>>> print(open('run_13.pdb').read())   # PDB, C-alpha atoms
ATOM      1  CA  MET O   1      -2.404 -23.019   0.527
ATOM      2  CA  ALA O   2      -0.177 -24.831   2.992
ATOM      3  CA  ARG O   3       3.568 -24.144   2.877
ATOM      4  CA  LYS O   4       4.380 -27.762   2.066
ATOM      5  CA  ALA O   5       1.821 -27.884  -0.730
ATOM      6  CA  VAL O   6       3.215 -24.689  -2.238
ATOM      7  CA  ALA O   7       6.720 -26.149  -2.293
ATOM      8  CA  GLN O   8       5.512 -29.241  -4.079
ATOM      9  CA  GLU O   9       3.435 -27.392  -6.665
ATOM     10  CA  LEU O  10       5.712 -24.451  -7.446
ATOM     11  CA  SER O  11       9.210 -25.804  -7.999
ATOM     12  CA  ARG O  12      12.442 -23.849  -7.919
ATOM     13  CA  THR O  13      13.102 -24.949 -11.508
ATOM     14  CA  ARG O  14       9.822 -23.545 -12.762
ATOM     15  CA  ILE O  15      10.418 -20.225 -10.993
ATOM     16  CA  LEU O  16      13.842 -19.901 -12.611
ATOM     17  CA  GLU O  17      12.517 -20.763 -16.065
ATOM     18  CA  GLU O  18       9.723 -18.206 -15.962
ATOM     19  CA  ALA O  19      11.677 -15.504 -14.126
ATOM     20  CA  ARG O  20      14.449 -15.632 -16.748
ATOM     21  CA  GLN O  21      12.064 -14.594 -19.499
ATOM     22  CA  LEU O  22      10.525 -11.861 -17.329
ATOM     23  CA  PHE O  23      13.925 -10.378 -16.458
ATOM     24  CA  ILE O  24      14.811 -10.171 -20.146
ATOM     25  CA  GLU O  25      11.473  -8.721 -21.245
ATOM     26  CA  GLN O  26      10.897  -6.235 -18.437
ATOM     27  CA  GLY O  27      14.296  -5.595 -16.882
ATOM     28  CA  TYR O  28      15.543  -6.251 -13.380
ATOM     29  CA  HIS O  29      14.334  -3.041 -11.736
ATOM     30  CA  ALA O  30      10.817  -3.192 -13.189
ATOM     31  CA  LEU O  31      10.197  -6.588 -11.628
ATOM     32  CA  THR O  32       9.285  -7.383  -8.038
ATOM     33  CA  MET O  33       8.770 -10.691  -6.341
ATOM     34  CA  ARG O  34       5.077  -9.829  -6.308
ATOM     35  CA  SER O  35       4.960  -9.170 -10.072
ATOM     36  CA  ILE O  36       6.884 -12.355 -10.842
ATOM     37  CA  ALA O  37       4.496 -14.383  -8.717
ATOM     38  CA  LYS O  38       1.468 -12.695 -10.268
ATOM     39  CA  SER O  39       2.713 -13.525 -13.760
ATOM     40  CA  MET O  40       2.984 -17.160 -12.693
ATOM     41  CA  GLY O  41      -0.446 -17.178 -11.057
ATOM     42  CA  TYR O  42       0.771 -17.479  -7.458
ATOM     43  CA  SER O  43       0.971 -15.296  -4.399
ATOM     44  CA  HIS O  44       4.370 -13.712  -3.775
ATOM     45  CA  GLY O  45       4.619 -15.747  -0.582
ATOM     46  CA  ALA O  46       4.998 -18.854  -2.732
ATOM     47  CA  LEU O  47       8.198 -17.427  -4.227
ATOM     48  CA  TYR O  48       9.597 -16.493  -0.832
ATOM     49  CA  TYR O  49       9.469 -20.168   0.103
ATOM     50  CA  HIS O  50      12.316 -20.715  -2.392
ATOM     51  CA  PHE O  51      14.041 -17.291  -2.562
ATOM     52  CA  SER O  52      14.383 -14.695   0.183
ATOM     53  CA  GLU O  53      14.630 -11.737  -2.243
ATOM     54  CA  LYS O  54      14.758 -10.794  -5.915
ATOM     55  CA  ALA O  55      18.560 -10.523  -5.901
ATOM     56  CA  GLU O  56      18.875 -14.106  -4.675
ATOM     57  CA  LEU O  57      16.546 -15.264  -7.452
ATOM     58  CA  PHE O  58      18.553 -13.411 -10.089
ATOM     59  CA  TYR O  59      21.862 -14.759  -8.798
ATOM     60  CA  ALA O  60      20.453 -18.294  -8.877
ATOM     61  CA  LEU O  61      19.720 -17.799 -12.585
ATOM     62  CA  VAL O  62      23.210 -16.545 -13.344
ATOM     63  CA  ASN O  63      24.910 -19.270 -11.326
ATOM     64  CA  GLU O  64      22.840 -22.065 -12.889
ATOM     65  CA  ASP O  65      23.453 -20.853 -16.435
ATOM     66  CA  PHE O  66      27.218 -20.471 -16.070
ATOM     67  CA  LYS O  67      27.468 -23.861 -14.398
ATOM     68  CA  MET O  68      25.730 -25.435 -17.396
ATOM     69  CA  LEU O  69      28.030 -23.664 -19.871
ATOM     70  CA  LEU O  70      31.217 -24.534 -17.979
ATOM     71  CA  GLU O  71      30.226 -28.191 -17.687
ATOM     72  CA  ARG O  72      29.640 -28.396 -21.438
ATOM     73  CA  GLN O  73      32.947 -26.705 -22.194
ATOM     74  CA  LYS O  74      34.953 -28.866 -19.792
ATOM     75  CA  ASP O  75      33.355 -32.020 -21.166
ATOM     76  CA  MET O  76      34.352 -31.007 -24.686
ATOM     77  CA  LEU O  77      37.906 -30.139 -23.600
ATOM     78  CA  ASN O  78      38.316 -33.507 -21.892
ATOM     79  CA  ARG O  79      37.657 -35.157 -25.245
ATOM     80  CA  SER O  80      40.323 -33.209 -27.152
ATOM     81  CA  ARG O  81      44.032 -32.410 -26.867
ATOM     82  CA  LEU O  82      45.227 -29.194 -25.217
ATOM     83  CA  GLY O  83      47.145 -26.942 -27.585
ATOM     84  CA  ASP O  84      45.571 -28.173 -30.804
ATOM     85  CA  ILE O  85      43.954 -25.565 -33.018
ATOM     86  CA  GLY O  86      41.144 -28.063 -33.482
ATOM     87  CA  GLN O  87      40.395 -27.941 -29.770
ATOM     88  CA  LEU O  88      40.057 -24.167 -29.901
ATOM     89  CA  GLU O  89      37.743 -24.380 -32.903
ATOM     90  CA  LYS O  90      35.543 -26.877 -31.079
ATOM     91  CA  LEU O  91      35.474 -24.705 -27.956
ATOM     92  CA  MET O  92      34.426 -21.645 -29.944
ATOM     93  CA  LEU O  93      31.714 -23.570 -31.783
ATOM     94  CA  GLU O  94      30.462 -25.006 -28.499
ATOM     95  CA  PHE O  95      30.215 -21.493 -27.109
ATOM     96  CA  ILE O  96      28.284 -20.294 -30.163
ATOM     97  CA  ARG O  97      26.004 -23.330 -30.007
ATOM     98  CA  PHE O  98      25.248 -22.693 -26.348
ATOM     99  CA  GLY O  99      24.454 -19.027 -26.949
ATOM    100  CA  LEU O 100      22.139 -19.599 -29.908
ATOM    101  CA  ASP O 101      20.417 -22.668 -28.478
ATOM    102  CA  ASN O 102      19.899 -20.886 -25.134
ATOM    103  CA  PRO O 103      19.374 -17.209 -26.042
ATOM    104  CA  HIS O 104      17.580 -16.271 -22.814
ATOM    105  CA  HIS O 105      20.362 -17.794 -20.750
ATOM    106  CA  TYR O 106      23.000 -16.020 -22.822
ATOM    107  CA  GLU O 107      21.352 -12.621 -22.556
ATOM    108  CA  ILE O 108      21.310 -12.793 -18.764
ATOM    109  CA  MET O 109      24.882 -14.111 -18.645
ATOM    110  CA  PHE O 110      26.579 -11.719 -21.051
ATOM    111  CA  MET O 111      24.236  -8.994 -22.303
ATOM    112  CA  ILE O 112      22.737  -7.331 -19.220
ATOM    113  CA  LYS O 113      23.843  -3.695 -19.088
ATOM    114  CA  ASP O 114      22.767  -2.673 -15.600
ATOM    115  CA  PRO O 115      25.923  -1.998 -13.507
ATOM    116  CA  GLU O 116      24.186  -3.170 -10.331
ATOM    117  CA  LEU O 117      23.581  -6.574 -11.864
ATOM    118  CA  LEU O 118      27.042  -7.116 -13.287
ATOM    119  CA  ARG O 119      28.351  -7.942  -9.831
ATOM    120  CA  TYR O 120      26.108 -11.005  -9.748
ATOM    121  CA  SER O 121      27.776 -12.456 -12.838
ATOM    122  CA  ARG O 122      31.335 -11.086 -12.659
ATOM    123  CA  GLU O 123      32.891 -14.112 -10.936
ATOM    124  CA  GLU O 124      31.104 -16.620 -13.174
ATOM    125  CA  GLN O 125      31.989 -14.647 -16.301
ATOM    126  CA  SER O 126      35.632 -14.642 -15.207
ATOM    127  CA  GLN O 127      35.676 -18.432 -14.814
ATOM    128  CA  CYS O 128      34.255 -18.863 -18.294
ATOM    129  CA  LEU O 129      36.624 -16.350 -19.887
ATOM    130  CA  ASP O 130      39.644 -17.772 -18.026
ATOM    131  CA  LEU O 131      38.913 -21.208 -19.428
ATOM    132  CA  PHE O 132      38.605 -19.819 -22.940
ATOM    133  CA  ALA O 133      41.801 -17.768 -22.529
ATOM    134  CA  ALA O 134      43.736 -20.813 -21.293
ATOM    135  CA  VAL O 135      42.886 -22.749 -24.461
ATOM    136  CA  VAL O 136      43.777 -19.810 -26.724
ATOM    137  CA  ARG O 137      47.115 -19.342 -24.963
ATOM    138  CA  SER O 138      47.918 -23.039 -25.162
ATOM    139  CA  VAL O 139      47.617 -22.753 -28.956
ATOM    140  CA  VAL O 140      49.550 -19.480 -29.230
ATOM    141  CA  SER O 141      52.347 -20.662 -26.918
ATOM    142  CA  ARG O 142      53.285 -23.425 -29.364
ATOM    143  CA  GLN O 143      54.361 -20.817 -31.907
ATOM    144  CA  PRO O 144      57.519 -18.697 -31.353
ATOM    145  CA  GLY O 145      57.242 -14.929 -31.449
ATOM    146  CA  ASN O 146      53.646 -14.781 -30.258
ATOM    147  CA  GLU O 147      54.325 -13.569 -26.717
ATOM    148  CA  LYS O 148      52.628 -10.222 -27.367
ATOM    149  CA  LYS O 149      49.398 -11.983 -28.323
ATOM    150  CA  MET O 150      49.079 -14.005 -25.128
ATOM    151  CA  HIS O 151      46.984 -11.435 -23.278
ATOM    152  CA  SER O 152      45.137  -9.526 -26.005
ATOM    153  CA  LEU O 153      44.212 -12.357 -28.359
ATOM    154  CA  PRO O 154      41.829 -14.295 -26.060
ATOM    155  CA  TRP O 155      39.776 -11.147 -25.489
ATOM    156  CA  SER O 156      39.722 -10.274 -29.209
ATOM    157  CA  LEU O 157      38.574 -13.772 -30.171
ATOM    158  CA  PHE O 158      35.937 -13.840 -27.473
ATOM    159  CA  MET O 159      34.526 -10.482 -28.549
ATOM    160  CA  SER O 160      34.330 -11.725 -32.119
ATOM    161  CA  ILE O 161      32.278 -14.802 -31.258
ATOM    162  CA  HIS O 162      30.209 -12.786 -28.768
ATOM    163  CA  GLY O 163      29.336 -10.396 -31.588
ATOM    164  CA  PHE O 164      28.349 -13.335 -33.807
ATOM    165  CA  ILE O 165      26.086 -14.736 -31.082
ATOM    166  CA  SER O 166      24.525 -11.386 -30.201
ATOM    167  CA  TYR O 167      23.762 -10.559 -33.818
ATOM    168  CA  ASN O 168      22.034 -13.875 -34.438
ATOM    169  CA  ILE O 169      20.108 -13.730 -31.165
ATOM    170  CA  HIS O 170      18.781 -10.345 -32.277
ATOM    171  CA  TYR O 171      17.406 -11.978 -35.428
ATOM    172  CA  ASN O 172      16.126 -15.083 -33.621
ATOM    173  CA  GLN O 173      18.516 -17.452 -35.371
ATOM    174  CA  ALA O 174      19.083 -20.860 -33.781
ATOM    175  CA  TYR O 175      22.424 -22.651 -34.098
ATOM    176  CA  GLN O 176      21.194 -25.006 -36.828
ATOM    177  CA  ASP O 177      20.040 -22.015 -38.876
ATOM    178  CA  VAL O 178      23.582 -20.605 -39.032
ATOM    179  CA  ARG O 179      25.734 -23.679 -38.360
ATOM    180  CA  LYS O 180      27.689 -23.474 -41.637
ATOM    181  CA  LEU O 181      28.248 -19.752 -41.187
ATOM    182  CA  ALA O 182      29.402 -20.341 -37.603
ATOM    183  CA  GLU O 183      31.894 -22.970 -38.739
ATOM    184  CA  GLN O 184      33.256 -20.633 -41.431
ATOM    185  CA  HIS O 185      33.499 -17.767 -38.936
ATOM    186  CA  VAL O 186      35.476 -19.875 -36.462
ATOM    187  CA  LYS O 187      37.746 -21.231 -39.204
ATOM    188  CA  TYR O 188      38.489 -17.700 -40.348
ATOM    189  CA  LEU O 189      39.302 -16.541 -36.814
ATOM    190  CA  CYS O 190      41.653 -19.471 -36.252
ATOM    191  CA  GLU O 191      43.479 -19.303 -39.596
ATOM    192  CA  GLY O 192      45.935 -16.677 -38.405
ATOM    193  CA  LEU O 193      46.842 -18.716 -35.317
ATOM    194  CA  GLN O 194      48.209 -21.702 -37.168
ATOM    195  CA  ASP O 195      51.912 -22.258 -37.553
ATOM    196  CA  LYS O 196      52.146 -23.842 -41.014
ATOM    197  CA  THR O 197      55.223 -25.802 -39.929
ATOM    198  CA  LEU O 198      53.213 -27.696 -37.305
ATOM    199  CA  PRO O 199      50.335 -30.132 -37.740
ATOM    200  CA  ASN O 200      47.042 -28.423 -36.850
ATOM    201  CA  ARG O 201      45.269 -31.516 -35.603
TER     202      ARG O 201
END
>>> encode(input="run_13.pdb", output="structure tokens")
Amino acid sequence: MARKAVAQELSRTRILEEARQLFIEQGYHALTMRSIAKSMGYSHGALYYHFSEKAELFYALVNEDFKMLLERQKDMLNRSRLGDIGQLEKLMLEFIRFGLDNPHHYEIMFMIKDPELLRYSREEQSQCLDLFAAVVRSVVSRQPGNEKKMHSLPWSLFMSIHGFISYNIHYNQAYQDVRKLAEQHVKYLCEGLQDKTLPNR
């Protein structure tokens, strides 16, 4: 098959979609460019037209997924007021919705255990966590006496919603299946952050 024809028939998007599932099912080290191509019904040369190596393909997955998550989060934040507890609740629910509606994306972004692969997602994870931490701190900073929470609280809250997402992914629950439970979970987490002397919306 001619190089140009291959490019037209086998798109970068399709490679990423199918490779994501294969990475999750079989693991990074078990896969080769040849095995990915074979699973898709192509020669491995067709993949090399788009990606020079397996690591580049994996990084493209990570980068694409974090970009999608960050865009959704920033869009939500632009429609709410910084420092409001309501903004934090919406951000946490948006994160849960993303994870449960896109479980394969989420697993690659946050649940891969291989140390060699963590370096491909470390920078993107940091951007996502920094954004989350900034919103948490904007809420906490409005309340006197909370200086000690500024650094530990964002991580504690993130780990709590990460646990919620991971648990429900394990049992194949979509966001709509657990929406009410997710809302209650987020409300519970945010209750202790509210200064009763200030409006919370």
>>> closest_residue(input="run_13.pdb", among="O:Lys149, O:Lys180, O:Lys74, O:His185", to="O:Gly163", atoms="all atoms listed in the file")
O:His185
>>> atom_distance(input="run_13.pdb", atom1="atom CA of O:Asp130", atom2="atom CA of O:Arg179")
25.3 Å
>>> residues_near_point(input="run_13.pdb", point="(47.1, -18.8, -24.2)", cutoff="12 Å", atoms="all atoms listed in the file", output="count of residues only")
32
>>> atom_distance(input="run_13.pdb", atom1="atom CA of O:Ala174", atom2="atom CA of O:Arg97")
8.3 Å
>>> atom_distance(input="run_13.pdb", atom1="atom CA of O:Tyr120", atom2="atom CA of O:Leu31")
16.6 Å
>>> resolve_selection(input="run_13.pdb", expression="the PyMOL selection byres ((chain O and resi 59) around 12)", output="NGL selection string")
:O and (16 or 19-20 or 23 or 28 or 51-58 or 60-66 or 108-109 or 116-124)
>>> closest_residue(input="run_13.pdb", among="O:Lys113, O:Gly45, O:Leu93, O:Leu189", to="O:Gly27", atoms="only C-alpha atoms")
O:Lys113
>>> closest_residue(input="run_13.pdb", among="O:Glu18, O:Met76, O:Phe158, O:Tyr106", to="O:Ser35", atoms="all atoms listed in the file")
O:Glu18
>>> closest_atom_pairs(input="run_13.pdb", of="stretch 8-48 of chain O", to="stretch 102-105 of chain O", cutoff="10 Å", atoms="all atoms listed in the file", output="tab-separated table")
residue	atom	partner	partner_atom	distance
O:Glu17	CA	O:His104	CA	9.6
O:Arg20	CA	O:His104	CA	6.9
O:Gln21	CA	O:His104	CA	6.7
O:Leu22	CA	O:His104	CA	10.0
O:Phe23	CA	O:His104	CA	9.4
O:Ile24	CA	O:His104	CA	7.2
O:Glu25	CA	O:His104	CA	9.8
>>> closest_residue(input="run_13.pdb", among="O:Met40, O:Ala30, O:Val178, O:Leu70", to="O:Leu100", atoms="all atoms listed in the file")
O:Val178
>>> closest_residue(input="run_13.pdb", among="O:Leu10, O:Cys128, O:Val186, O:Met159", to="O:Met68", atoms="all atoms listed in the file")
O:Cys128
